[in-house]
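Asks: What follows is my_file08.pdb; its format and atoms are PDB, C-alpha atoms.
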MODEL        1
ATOM      1  CA  MET A1102      -6.670 -67.824 -96.057
ATOM      2  CA  LYS A1103      -5.105 -65.284 -98.381
ATOM      3  CA  PRO A1104      -6.044 -65.739-102.044
ATOM      4  CA  THR A1105      -3.586 -66.197-104.892
ATOM      5  CA  LEU A1106      -3.290 -63.986-107.965
ATOM      6  CA  LEU A1107      -2.964 -66.028-111.179
ATOM      7  CA  VAL A1108      -1.681 -64.015-114.132
ATOM      8  CA  MET A1109      -2.125 -65.154-117.727
ATOM      9  CA  ALA A1110       0.967 -63.776-119.443
ATOM     10  CA  ALA A1111       1.695 -66.284-122.214
ATOM     11  CA  GLY A1112      -0.175 -64.479-125.001
ATOM     12  CA  MET A1113       1.638 -64.003-128.278
ATOM     13  CA  GLY A1114       0.735 -60.305-128.538
ATOM     14  CA  SER A1115       0.108 -60.506-132.288
ATOM     15  CA  ARG A1116      -1.963 -57.325-132.514
ATOM     16  CA  TYR A1117       0.352 -55.404-130.201
ATOM     17  CA  GLY A1118       3.453 -56.415-132.118
ATOM     18  CA  GLY A1119       5.633 -57.511-129.216
ATOM     19  CA  VAL A1120       5.770 -58.959-125.709
ATOM     20  CA  LYS A1121       3.484 -56.332-124.218
ATOM     21  CA  GLN A1122       3.364 -58.058-120.826
ATOM     22  CA  ILE A1123       6.890 -56.822-120.052
ATOM     23  CA  ASP A1124       6.846 -53.501-121.909
ATOM     24  CA  ALA A1125       7.785 -50.584-119.623
ATOM     25  CA  VAL A1126       5.029 -48.021-118.957
ATOM     26  CA  GLY A1127       5.836 -46.745-115.430
ATOM     27  CA  MET A1128       8.132 -44.011-114.144
ATOM     28  CA  HIS A1129      10.922 -46.469-113.293
ATOM     29  CA  GLY A1130      10.506 -49.140-115.937
ATOM     30  CA  GLU A1131       7.456 -50.785-114.360
ATOM     31  CA  THR A1132       5.200 -52.805-116.616
ATOM     32  CA  LEU A1133       1.411 -52.521-116.622
ATOM     33  CA  LEU A1134       1.411 -55.843-114.795
ATOM     34  CA  ASP A1135       3.501 -54.358-111.962
ATOM     35  CA  PHE A1136       0.557 -52.106-111.143
ATOM     36  CA  GLY A1137      -1.922 -54.987-111.101
ATOM     37  CA  VAL A1138       0.252 -57.108-108.831
ATOM     38  CA  TYR A1139       0.847 -54.087-106.585
ATOM     39  CA  ASP A1140      -2.918 -53.552-106.290
ATOM     40  CA  ALA A1141      -3.457 -57.234-105.443
ATOM     41  CA  PHE A1142      -0.658 -57.223-102.860
ATOM     42  CA  HIS A1143      -2.190 -54.193-101.143
ATOM     43  CA  SER A1144      -5.630 -55.837-101.289
ATOM     44  CA  GLY A1145      -4.576 -58.826 -99.196
ATOM     45  CA  TYR A1146      -3.355 -61.367-101.753
ATOM     46  CA  GLY A1147      -0.622 -63.580-100.390
ATOM     47  CA  ARG A1148       0.934 -65.014-103.550
ATOM     48  CA  VAL A1149       1.200 -64.443-107.293
ATOM     49  CA  VAL A1150       1.691 -67.123-109.964
ATOM     50  CA  PHE A1151       2.467 -66.159-113.564
ATOM     51  CA  ILE A1152       1.770 -68.283-116.635
ATOM     52  CA  ILE A1153       4.388 -67.528-119.293
ATOM     53  CA  ARG A1154       6.048 -68.965-122.381
ATOM     54  CA  LYS A1155       9.453 -70.547-122.028
ATOM     55  CA  ASP A1156      10.950 -68.319-124.730
ATOM     56  CA  ILE A1157      10.337 -65.119-122.727
ATOM     57  CA  GLU A1158      11.586 -66.485-119.387
ATOM     58  CA  SER A1159      14.887 -64.591-119.353
ATOM     59  CA  ASP A1160      13.355 -61.221-120.252
ATOM     60  CA  PHE A1161      10.406 -61.879-117.952
ATOM     61  CA  ARG A1162      12.681 -62.479-114.985
ATOM     62  CA  GLU A1163      14.882 -59.480-115.723
ATOM     63  CA  ARG A1164      12.115 -56.979-116.460
ATOM     64  CA  LEU A1165       9.407 -58.073-114.012
ATOM     65  CA  PHE A1166       9.560 -61.287-111.986
ATOM     66  CA  ASP A1167      12.759 -60.846-109.987
ATOM     67  CA  ARG A1168      11.608 -57.406-108.856
ATOM     68  CA  ILE A1169       8.216 -58.672-107.720
ATOM     69  CA  ALA A1170       9.683 -61.799-106.097
ATOM     70  CA  ARG A1171      11.771 -59.578-103.810
ATOM     71  CA  ASN A1172       8.559 -58.023-102.509
ATOM     72  CA  MET A1173       6.060 -60.896-102.288
ATOM     73  CA  ASP A1174       5.724 -64.665-102.675
ATOM     74  CA  ALA A1175       5.915 -65.321-106.426
ATOM     75  CA  ASP A1176       6.247 -68.242-108.819
ATOM     76  CA  TYR A1177       5.700 -68.998-112.506
ATOM     77  CA  VAL A1178       4.728 -71.906-114.732
ATOM     78  CA  PHE A1179       4.950 -72.507-118.462
ATOM     79  CA  GLN A1180       2.300 -72.856-121.145
ATOM     80  CA  ASP A1181       3.184 -74.233-124.562
ATOM     81  CA  ARG A1182       1.475 -75.936-127.466
ATOM     82  CA  THR A1183       1.935 -79.473-126.165
ATOM     83  CA  ALA A1184       1.011 -78.828-122.518
ATOM     84  CA  LEU A1185      -1.726 -81.215-121.320
ATOM     85  CA  LEU A1186      -1.676 -83.134-124.624
ATOM     86  CA  THR A1187      -1.006 -86.833-125.043
ATOM     87  CA  ALA A1188       1.699 -87.866-127.494
ATOM     88  CA  GLU A1189      -1.026 -88.778-129.992
ATOM     89  CA  GLU A1190      -2.771 -85.404-129.565
ATOM     90  CA  ALA A1191       0.539 -83.567-129.983
ATOM     91  CA  ALA A1192       1.152 -85.410-133.246
ATOM     92  CA  LEU A1193      -2.360 -84.659-134.535
ATOM     93  CA  SER A1194      -1.852 -80.937-133.844
ATOM     94  CA  GLU A1195       1.746 -80.631-135.045
ATOM     95  CA  GLY A1196       0.803 -77.914-137.539
ATOM     96  CA  ARG A1197      -0.214 -75.587-134.732
ATOM     97  CA  THR A1198       2.279 -72.889-133.683
ATOM     98  CA  LYS A1199       0.667 -71.289-130.601
ATOM     99  CA  PRO A1200      -0.796 -72.472-127.281
ATOM    100  CA  TRP A1201      -4.461 -73.425-126.989
ATOM    101  CA  GLY A1202      -5.926 -70.494-125.096
ATOM    102  CA  THR A1203      -6.871 -69.443-121.604
ATOM    103  CA  ILE A1204      -8.421 -72.694-120.323
ATOM    104  CA  GLN A1205      -5.195 -74.518-121.163
ATOM    105  CA  ALA A1206      -3.244 -71.703-119.481
ATOM    106  CA  ILE A1207      -5.150 -71.989-116.207
ATOM    107  CA  LEU A1208      -4.853 -75.770-116.165
ATOM    108  CA  CYS A1209      -1.076 -75.457-116.594
ATOM    109  CA  ALA A1210      -1.063 -73.732-113.181
ATOM    110  CA  SER A1211      -3.317 -76.187-111.338
ATOM    111  CA  ASP A1212      -0.442 -77.782-109.399
ATOM    112  CA  ALA A1213       0.895 -74.376-108.329
ATOM    113  CA  VAL A1214      -2.381 -72.929-106.990
ATOM    114  CA  LYS A1215      -3.679 -74.353-103.704
ATOM    115  CA  THR A1216      -5.952 -71.553-102.442
ATOM    116  CA  PRO A1217      -8.896 -69.655-103.909
ATOM    117  CA  PHE A1218      -7.498 -67.458-106.670
ATOM    118  CA  THR A1219      -8.168 -64.493-108.917
ATOM    119  CA  VAL A1220      -7.363 -64.754-112.624
ATOM    120  CA  ILE A1221      -6.278 -61.720-114.650
ATOM    121  CA  ASN A1222      -4.919 -60.885-118.084
ATOM    122  CA  ALA A1223      -1.393 -59.482-117.988
ATOM    123  CA  ASP A1224      -2.151 -56.639-120.397
ATOM    124  CA  ASP A1225      -5.261 -55.217-118.694
ATOM    125  CA  TYR A1226      -5.620 -52.606-115.958
ATOM    126  CA  TYR A1227      -8.623 -53.364-113.738
ATOM    127  CA  GLY A1228      -8.373 -50.924-110.835
ATOM    128  CA  ARG A1229      -7.624 -51.625-107.186
ATOM    129  CA  SER A1230     -11.236 -51.906-106.073
ATOM    130  CA  ALA A1231     -11.744 -55.003-108.257
ATOM    131  CA  TYR A1232      -8.934 -56.834-106.436
ATOM    132  CA  GLY A1233     -10.377 -55.886-103.083
ATOM    133  CA  ILE A1234     -13.881 -57.050-104.038
ATOM    134  CA  LEU A1235     -12.781 -60.496-105.207
ATOM    135  CA  GLY A1236     -10.100 -60.839-102.545
ATOM    136  CA  ASP A1237     -12.621 -60.311 -99.750
ATOM    137  CA  TYR A1238     -15.036 -62.793-101.315
ATOM    138  CA  LEU A1239     -12.437 -65.489-101.932
ATOM    139  CA  SER A1240     -10.968 -65.211 -98.443
ATOM    140  CA  GLY A1241     -14.185 -66.599 -97.016
ATOM    141  CA  LEU A1242     -14.423 -69.661 -99.285
ATOM    142  CA  ALA A1243     -13.310 -73.237 -98.727
ATOM    143  CA  CYS A1244     -11.073 -74.691-101.406
ATOM    144  CA  ASP A1245     -13.705 -77.232-102.464
ATOM    145  CA  ALA A1246     -16.596 -74.748-102.648
ATOM    146  CA  PRO A1247     -18.314 -74.612-106.076
ATOM    147  CA  THR A1248     -19.163 -70.926-105.555
ATOM    148  CA  HIS A1249     -17.046 -68.680-107.749
ATOM    149  CA  ALA A1250     -17.202 -65.011-108.763
ATOM    150  CA  MET A1251     -16.236 -62.407-111.334
ATOM    151  CA  VAL A1252     -16.012 -58.653-111.669
ATOM    152  CA  GLY A1253     -17.893 -57.408-114.712
ATOM    153  CA  PHE A1254     -17.280 -54.222-116.649
ATOM    154  CA  THR A1255     -19.510 -52.106-118.880
ATOM    155  CA  LEU A1256     -18.664 -52.684-122.541
ATOM    156  CA  ARG A1257     -18.228 -49.021-123.500
ATOM    157  CA  ASN A1258     -15.662 -48.633-120.701
ATOM    158  CA  THR A1259     -13.540 -51.396-122.213
ATOM    159  CA  MET A1260     -13.358 -50.327-125.870
ATOM    160  CA  SER A1261     -10.115 -49.373-127.611
ATOM    161  CA  PRO A1262     -10.033 -46.455-130.062
ATOM    162  CA  SER A1263      -7.184 -48.210-131.880
ATOM    163  CA  GLY A1264      -9.154 -51.210-133.187
ATOM    164  CA  SER A1265     -11.382 -54.155-132.352
ATOM    165  CA  VAL A1266     -11.441 -55.943-129.011
ATOM    166  CA  THR A1267     -12.481 -59.395-127.826
ATOM    167  CA  ARG A1268     -15.073 -59.391-125.056
ATOM    168  CA  ALA A1269     -17.378 -61.992-123.510
ATOM    169  CA  ILE A1270     -20.904 -60.595-123.174
ATOM    170  CA  CYS A1271     -22.635 -61.789-120.007
ATOM    171  CA  VAL A1272     -26.213 -62.752-119.240
ATOM    172  CA  MET A1273     -27.050 -62.350-115.542
ATOM    173  CA  LYS A1274     -29.981 -62.932-113.209
ATOM    174  CA  ASP A1275     -30.263 -61.834-109.577
ATOM    175  CA  GLY A1276     -26.557 -60.995-109.393
ATOM    176  CA  ALA A1277     -25.388 -64.342-110.728
ATOM    177  CA  LEU A1278     -23.990 -65.346-114.086
ATOM    178  CA  VAL A1279     -26.376 -67.296-116.345
ATOM    179  CA  SER A1280     -24.125 -67.561-119.398
ATOM    180  CA  MET A1281     -21.543 -65.666-121.422
ATOM    181  CA  GLU A1282     -20.440 -65.725-125.036
ATOM    182  CA  GLU A1283     -17.074 -64.651-126.400
ATOM    183  CA  ASN A1284     -17.361 -62.010-129.108
ATOM    184  CA  PRO A1285     -14.005 -62.052-130.936
ATOM    185  CA  LYS A1286     -14.331 -58.750-132.795
ATOM    186  CA  ILE A1287     -16.187 -55.808-131.258
ATOM    187  CA  GLU A1288     -15.420 -52.394-132.714
ATOM    188  CA  TYR A1289     -16.709 -48.940-133.467
ATOM    189  CA  ALA A1290     -18.586 -48.639-136.748
ATOM    190  CA  SER A1291     -18.050 -45.642-139.038
ATOM    191  CA  ASP A1292     -21.020 -43.830-137.442
ATOM    192  CA  GLY A1293     -19.627 -44.272-133.924
ATOM    193  CA  SER A1294     -21.956 -47.090-132.909
ATOM    194  CA  ILE A1295     -20.616 -50.328-131.448
ATOM    195  CA  VAL A1296     -20.947 -53.544-133.408
ATOM    196  CA  SER A1297     -19.895 -57.156-132.870
ATOM    197  CA  ARG A1298     -18.632 -58.872-136.025
ATOM    198  CA  MET A1299     -19.858 -62.381-135.286
ATOM    199  CA  PRO A1300     -19.416 -65.275-137.746
ATOM    200  CA  GLN A1301     -23.180 -65.407-138.292
ATOM    201  CA  GLY A1302     -23.357 -61.674-139.032
ATOM    202  CA  ASP A1303     -22.982 -58.248-137.428
ATOM    203  CA  VAL A1304     -24.761 -57.621-134.118
ATOM    204  CA  ALA A1305     -25.496 -54.055-132.983
ATOM    205  CA  LEU A1306     -24.620 -53.364-129.344
ATOM    206  CA  THR A1307     -25.623 -50.516-127.039
ATOM    207  CA  GLY A1308     -22.347 -50.279-125.107
ATOM    208  CA  ASP A1309     -24.198 -50.920-121.834
ATOM    209  CA  GLU A1310     -23.736 -54.689-122.002
ATOM    210  CA  PRO A1311     -21.926 -56.296-119.043
ATOM    211  CA  VAL A1312     -18.757 -57.982-120.231
ATOM    212  CA  SER A1313     -16.063 -60.212-118.830
ATOM    213  CA  MET A1314     -12.469 -59.013-118.897
ATOM    214  CA  ASN A1315     -11.172 -62.354-117.570
ATOM    215  CA  PHE A1316     -11.273 -61.019-114.017
ATOM    216  CA  PHE A1317     -12.541 -64.146-112.288
ATOM    217  CA  GLY A1318     -12.353 -65.510-108.763
ATOM    218  CA  PHE A1319     -12.292 -69.298-108.411
ATOM    219  CA  THR A1320     -11.727 -71.931-105.799
ATOM    220  CA  PRO A1321      -9.491 -74.876-106.805
ATOM    221  CA  LYS A1322     -12.742 -76.810-107.330
ATOM    222  CA  ALA A1323     -13.047 -75.052-110.694
ATOM    223  CA  PHE A1324     -10.061 -76.983-112.062
ATOM    224  CA  GLU A1325     -12.233 -80.121-112.195
ATOM    225  CA  SER A1326     -14.811 -78.471-114.444
ATOM    226  CA  PHE A1327     -12.170 -76.837-116.627
ATOM    227  CA  MET A1328     -10.365 -80.137-117.130
ATOM    228  CA  GLY A1329     -13.572 -81.766-118.346
ATOM    229  CA  TYR A1330     -14.201 -78.848-120.693
ATOM    230  CA  TRP A1331     -10.608 -79.071-121.979
ATOM    231  CA  GLU A1332     -10.855 -82.786-122.680
ATOM    232  CA  ASP A1333     -14.110 -82.284-124.599
ATOM    233  CA  PHE A1334     -12.569 -79.398-126.528
ATOM    234  CA  LYS A1335      -9.599 -81.516-127.573
ATOM    235  CA  ARG A1336     -11.839 -84.298-128.838
ATOM    236  CA  LYS A1337     -13.601 -81.840-131.120
ATOM    237  CA  SER A1338     -10.778 -79.502-132.150
ATOM    238  CA  ILE A1339      -7.390 -81.221-131.887
ATOM    239  CA  ARG A1340      -6.722 -80.825-135.621
ATOM    240  CA  GLU A1341      -7.714 -77.147-135.750
ATOM    241  CA  PRO A1342      -4.653 -74.887-136.260
ATOM    242  CA  LYS A1343      -6.024 -71.673-134.705
ATOM    243  CA  VAL A1344      -9.115 -72.333-132.564
ATOM    244  CA  GLU A1345      -8.643 -71.628-128.839
ATOM    245  CA  CYS A1346     -10.152 -73.081-125.653
ATOM    246  CA  LEU A1347     -11.344 -69.883-123.971
ATOM    247  CA  LEU A1348     -11.972 -69.203-120.292
ATOM    248  CA  PRO A1349     -15.312 -67.358-120.685
ATOM    249  CA  ASN A1350     -16.727 -70.279-122.643
ATOM    250  CA  GLY A1351     -15.449 -72.731-120.030
ATOM    251  CA  VAL A1352     -16.984 -70.673-117.219
ATOM    252  CA  SER A1353     -20.286 -70.508-119.085
ATOM    253  CA  ALA A1354     -20.240 -74.300-119.527
ATOM    254  CA  MET A1355     -19.529 -74.754-115.805
ATOM    255  CA  VAL A1356     -22.558 -72.644-114.904
ATOM    256  CA  THR A1357     -25.001 -74.067-117.452
ATOM    257  CA  SER A1358     -24.039 -77.651-116.528
ATOM    258  CA  GLY A1359     -24.644 -76.972-112.835
ATOM    259  CA  GLN A1360     -21.045 -77.664-111.776
ATOM    260  CA  GLY A1361     -20.654 -74.266-110.152
ATOM    261  CA  THR A1362     -22.116 -70.809-109.654
ATOM    262  CA  VAL A1363     -20.556 -67.425-110.427
ATOM    263  CA  LYS A1364     -21.541 -64.351-108.424
ATOM    264  CA  VAL A1365     -21.150 -61.156-110.447
ATOM    265  CA  PHE A1366     -19.711 -58.016-108.882
ATOM    266  CA  THR A1367     -19.259 -54.643-110.540
ATOM    267  CA  THR A1368     -16.627 -51.961-110.127
ATOM    268  CA  PRO A1369     -16.637 -48.191-110.698
ATOM    269  CA  ASP A1370     -13.080 -48.309-112.033
ATOM    270  CA  LYS A1371     -12.461 -47.817-115.747
ATOM    271  CA  TRP A1372     -10.502 -50.457-117.607
ATOM    272  CA  PHE A1373      -7.593 -49.649-119.881
ATOM    273  CA  GLY A1374      -5.087 -51.922-121.509
ATOM    274  CA  MET A1375      -2.499 -52.587-124.198
ATOM    275  CA  THR A1376      -4.141 -54.370-127.097
ATOM    276  CA  TYR A1377      -2.452 -52.286-129.799
ATOM    277  CA  PRO A1378       0.882 -50.389-129.934
ATOM    278  CA  GLU A1379      -1.086 -47.131-130.048
ATOM    279  CA  ASP A1380      -2.542 -47.930-126.623
ATOM    280  CA  LYS A1381       0.808 -47.561-124.875
ATOM    281  CA  ALA A1382       0.729 -43.758-124.821
ATOM    282  CA  THR A1383      -2.771 -43.787-123.309
ATOM    283  CA  VAL A1384      -1.746 -46.290-120.643
ATOM    284  CA  MET A1385       1.327 -44.263-119.699
ATOM    285  CA  ALA A1386      -0.740 -41.073-119.447
ATOM    286  CA  GLU A1387      -3.403 -42.742-117.269
ATOM    287  CA  LEU A1388      -0.804 -44.176-114.920
ATOM    288  CA  ARG A1389       1.034 -40.874-114.678
ATOM    289  CA  LYS A1390      -2.218 -39.207-113.575
ATOM    290  CA  LYS A1391      -2.643 -41.798-110.832
ATOM    291  CA  ILE A1392       0.938 -41.280-109.668
ATOM    292  CA  GLU A1393       0.541 -37.500-109.638
ATOM    293  CA  THR A1394      -2.595 -37.761-107.477
ATOM    294  CA  GLY A1395      -0.873 -40.099-105.007
ATOM    295  CA  TYR A1396      -2.914 -43.173-105.931
ATOM    296  CA  TYR A1397       0.404 -44.910-106.658
ATOM    297  CA  PRO A1398       3.842 -44.011-105.304
ATOM    298  CA  ASP A1399       6.440 -42.752-107.750
ATOM    299  CA  LYS A1400       8.291 -46.071-107.338
ATOM    300  CA  LEU A1401       6.102 -49.121-106.766
ATOM    301  CA  TRP A1402       8.529 -51.638-105.349
ATOM    302  CA  GLU A1403      11.648 -51.706-103.256
ATOM    303  CA  ARG A1404      14.447 -52.955-105.469
TER     304      ARG A1404
ENDMDL
END
Spell out the structure here as structure tokens.
Replies:
Amino acid sequence: MKPTLLVMAAGMGSRYGGVKQIDAVGMHGETLLDFGVYDAFHSGYGRVVFIIRKDIESDFRERLFDRIARNMDADYVFQDRTALLTAEEAALSEGRTKPWGTIQAILCASDAVKTPFTVINADDYYGRSAYGILGDYLSGLACDAPTHAMVGFTLRNTMSPSGSVTRAICVMKDGALVSMEENPKIEYASDGSIVSRMPQGDVALTGDEPVSMNFFGFTPKAFESFMGYWEDFKRKSIREPKVECLLPNGVSAMVTSGQGTVKVFTTPDKWFGMTYPEDKATVMAELRKKIETGYYPDKLWER
């Protein structure tokens, strides 16, 4: 069966300063996400499902979704602060203004995804080979298989010169994920070295560490593990105004608890993305190079 592409596009974009998921970077108004969906479509994916916020629905449809929906099977679901909360939990967290993170986002789409699926961030460029690698793997899995996968990237290939980045550093053994830990602030130090500003203190990094960029391949079986992780998270953190339930941590918990395995693939492609406003010029230049070399057509989609 053809896998589904699941796109997390409900982020607030606080560091970027706007709704970066629908910001135009292509030759004909295409967004960065257009290029990712195009790569997935040409790598054998049969459907795309977007996770968005209700308040951007109109702009999202006008600037991205309607164009893609004319070219492939597409749908979208909503994530908001009260999604998957009981009335009591919603009341306890009423001071919170933003959704609860990427585990909540994925669970919001559980009813819309019925095949093995690849998860991506809307503001990251992963390269076409990554879609092909996971697409081929997922196509051979049953929906209830507990065998999942991810494409890992080398940390130094995912840094932004404009500021800090959030990356999950992976521990692997024999090509499989053992655990991963989200590092919320990795940046270049004044001497050019790479450092992670962890709550317990700074940690020096080499830049060779394998990291997750939220490019995961799951079967629907994963929803069971993520729901358990989400329920446990709520019990501990429902009153917290800013803490988030993050996908890398949920995946790590799934592996360490024995509920599933994650095969780790690598890709030669270099990541780039739009974390900060300054990144837009770099993204546009990189995409223009790929268009000029024929990697992408001048116009991605038929209108």
Asks: Since I can't run it myself right now, could you work out what the PyMOL selection byres ((chain A and resi 1310) around 7) selects here and report it as a list in words?
Replies: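 Applying the PyMOL selection byres ((chain A and resi 1310) around 7) to the structure shown produces Thr1255, Leu1256, Ile1270, Thr1307, Gly1308, Asp1309, Pro1311 and Val1312 of chain A.
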Asks: Which residues match the PyMOL selection byres ((chain A and resi 1366-1377) around 6) in the file above, as a list of chain:residue names?
Replies: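 That selection, the PyMOL selection byres ((chain A and resi 1366-1377) around 6), comes back as A:Arg1116, A:Tyr1117, A:Asp1224, A:Asp1225, A:Tyr1226, A:Tyr1227, A:Gly1228, A:Val1252, A:Gly1253, A:Asn1258, A:Thr1259, A:Val1365, A:Pro1378, A:Glu1379, A:Asp1380.
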Asks: For C-alpha atoms, I'd like the residues from the last selection saved as a PDB file, in the coordinates of the input.
Replies:
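Writing done, so here's part_3.pdb:
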ATOM      1  CA  ARG A1116      -1.963 -57.325-132.514  1.00  0.00           C
ATOM      2  CA  TYR A1117       0.352 -55.404-130.201  1.00  0.00           C
ATOM      3  CA  ASP A1224      -2.151 -56.639-120.397  1.00  0.00           C
ATOM      4  CA  ASP A1225      -5.261 -55.217-118.694  1.00  0.00           C
ATOM      5  CA  TYR A1226      -5.620 -52.606-115.958  1.00  0.00           C
ATOM      6  CA  TYR A1227      -8.623 -53.364-113.738  1.00  0.00           C
ATOM      7  CA  GLY A1228      -8.373 -50.924-110.835  1.00  0.00           C
ATOM      8  CA  VAL A1252     -16.012 -58.653-111.669  1.00  0.00           C
ATOM      9  CA  GLY A1253     -17.893 -57.408-114.712  1.00  0.00           C
ATOM     10  CA  ASN A1258     -15.662 -48.633-120.701  1.00  0.00           C
ATOM     11  CA  THR A1259     -13.540 -51.396-122.213  1.00  0.00           C
ATOM     12  CA  VAL A1365     -21.150 -61.156-110.447  1.00  0.00           C
ATOM     13  CA  PRO A1378       0.882 -50.389-129.934  1.00  0.00           C
ATOM     14  CA  GLU A1379      -1.086 -47.131-130.048  1.00  0.00           C
ATOM     15  CA  ASP A1380      -2.542 -47.930-126.623  1.00  0.00           C
TER      16      ASP A1380
END
Asks: In Å to one decimal, how far is CA of Glu1332 in chain A from CA of Ser1194 in chain A?
Replies: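 Computing it gives 14.5 Å between the two atoms.
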Asks: Would you mind listing, for every residue of range 1147-1188 of chain A within 7 Å of range 1201-1213 of chain A, the two atoms forming the shortest contact and the distance between them in Å to one decimal, using all atoms listed in the file, sorted by chain and ascending residue number, as a Markdown table?
Replies:
| residue | atom | partner | partner_atom | distance |
| --- | --- | --- | --- | --- |
| A:Ile1152 | CA | A:Ala1206 | CA | 6.7 |
| A:Val1178 | CA | A:Ala1210 | CA | 6.3 |
| A:Phe1179 | CA | A:Cys1209 | CA | 7.0 |
| A:Gln1180 | CA | A:Ala1206 | CA | 5.9 |
| A:Arg1182 | CA | A:Trp1201 | CA | 6.5 |
Asks: When you draw a straight line from CA of Lys1322 in chain A to CA of Ile1221 in chain A, how long is it in Å?
Replies: 18.0 Å
Asks: List the residues selected by the PyMOL selection byres ((chain A and resi 1346) around 12) in the file shown, writing them as an MDAnalysis selection string.
Replies: chainID A and resid 1200:1208 1283 1327:1339 1341 1343:1345 1347:1352 1354
Asks: Which residues are near Ala1223 in chain A? Cut-off 6 Å, all atoms listed in the file, ignore same chain within fewer than 3 positions. Put them as a VMD selection string.
Replies: chain A and resid 1108 to 1110 1122 1134
Asks: Measure the distance from CA of Thr1216 in chain A to CA of Ser1230 in chain A in Å and round it to one decimal.
Replies: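 Computed distance, CA of Thr1216 in chain A to CA of Ser1230 in chain A, equals 20.7 Å.
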Asks: Can you pull out every residue within 9 Å of range 1289-1302 of chain A, counting all atoms listed in the file, but drop anything in the same chain fewer than 2 positions away, and send it as a list of chain:residue names?
Replies: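 Non-adjacent residues within range: A:Arg1257, A:Met1260, A:Ser1261, A:Pro1262, A:Gly1264, A:Ser1265, A:Asn1284, A:Pro1285, A:Lys1286, A:Ile1287, A:Val1304, A:Ala1305, A:Leu1306, A:Thr1307, A:Gly1308.
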Asks: Write out as a ChimeraX atom specification each polymer residue whose atoms come within 9 Å of Pro1321 in chain A, counting all atoms listed in the file; drop sequence neighbours fewer than 3 positions from it.
Replies: /A:1211,1214-1218,1244-1247,1324-1325
Asks: Just need the box for range 1250-1264 of chain A, edges along x, y and z, holding every atom the file lists for it with 3 Å tacked onto each side, so centre and edge lengths in Å to one decimal, as lines of an AutoDock Vina configuration file.
Replies:
center_x = -13.3
center_y = -55.7
center_z = -121.0
size_x = 18.3
size_y = 24.6
size_z = 30.4
Asks: Taking (-11.5, -62.4, -106.1) as a centre in this file's frame and 9 Å as the limit, can you find every polymer residue with an atom that close, using only C-alpha atoms, and give them as a ChimeraX atom specification?
Replies: /A:1104-1106,1217-1220,1231-1240,1249-1252,1316-1319
Asks: Would you list the residues near (1.0, -52.5, -111.8), meaning any protein, DNA or RNA residue with an atom at most 12 Å from that point in file coordinates, counting only C-alpha atoms, as a PyMOL selection string?
Replies: chain A and resi 1122-1143+1165+1169+1223-1229+1374+1384-1385+1388-1389+1391-1392+1396-1402
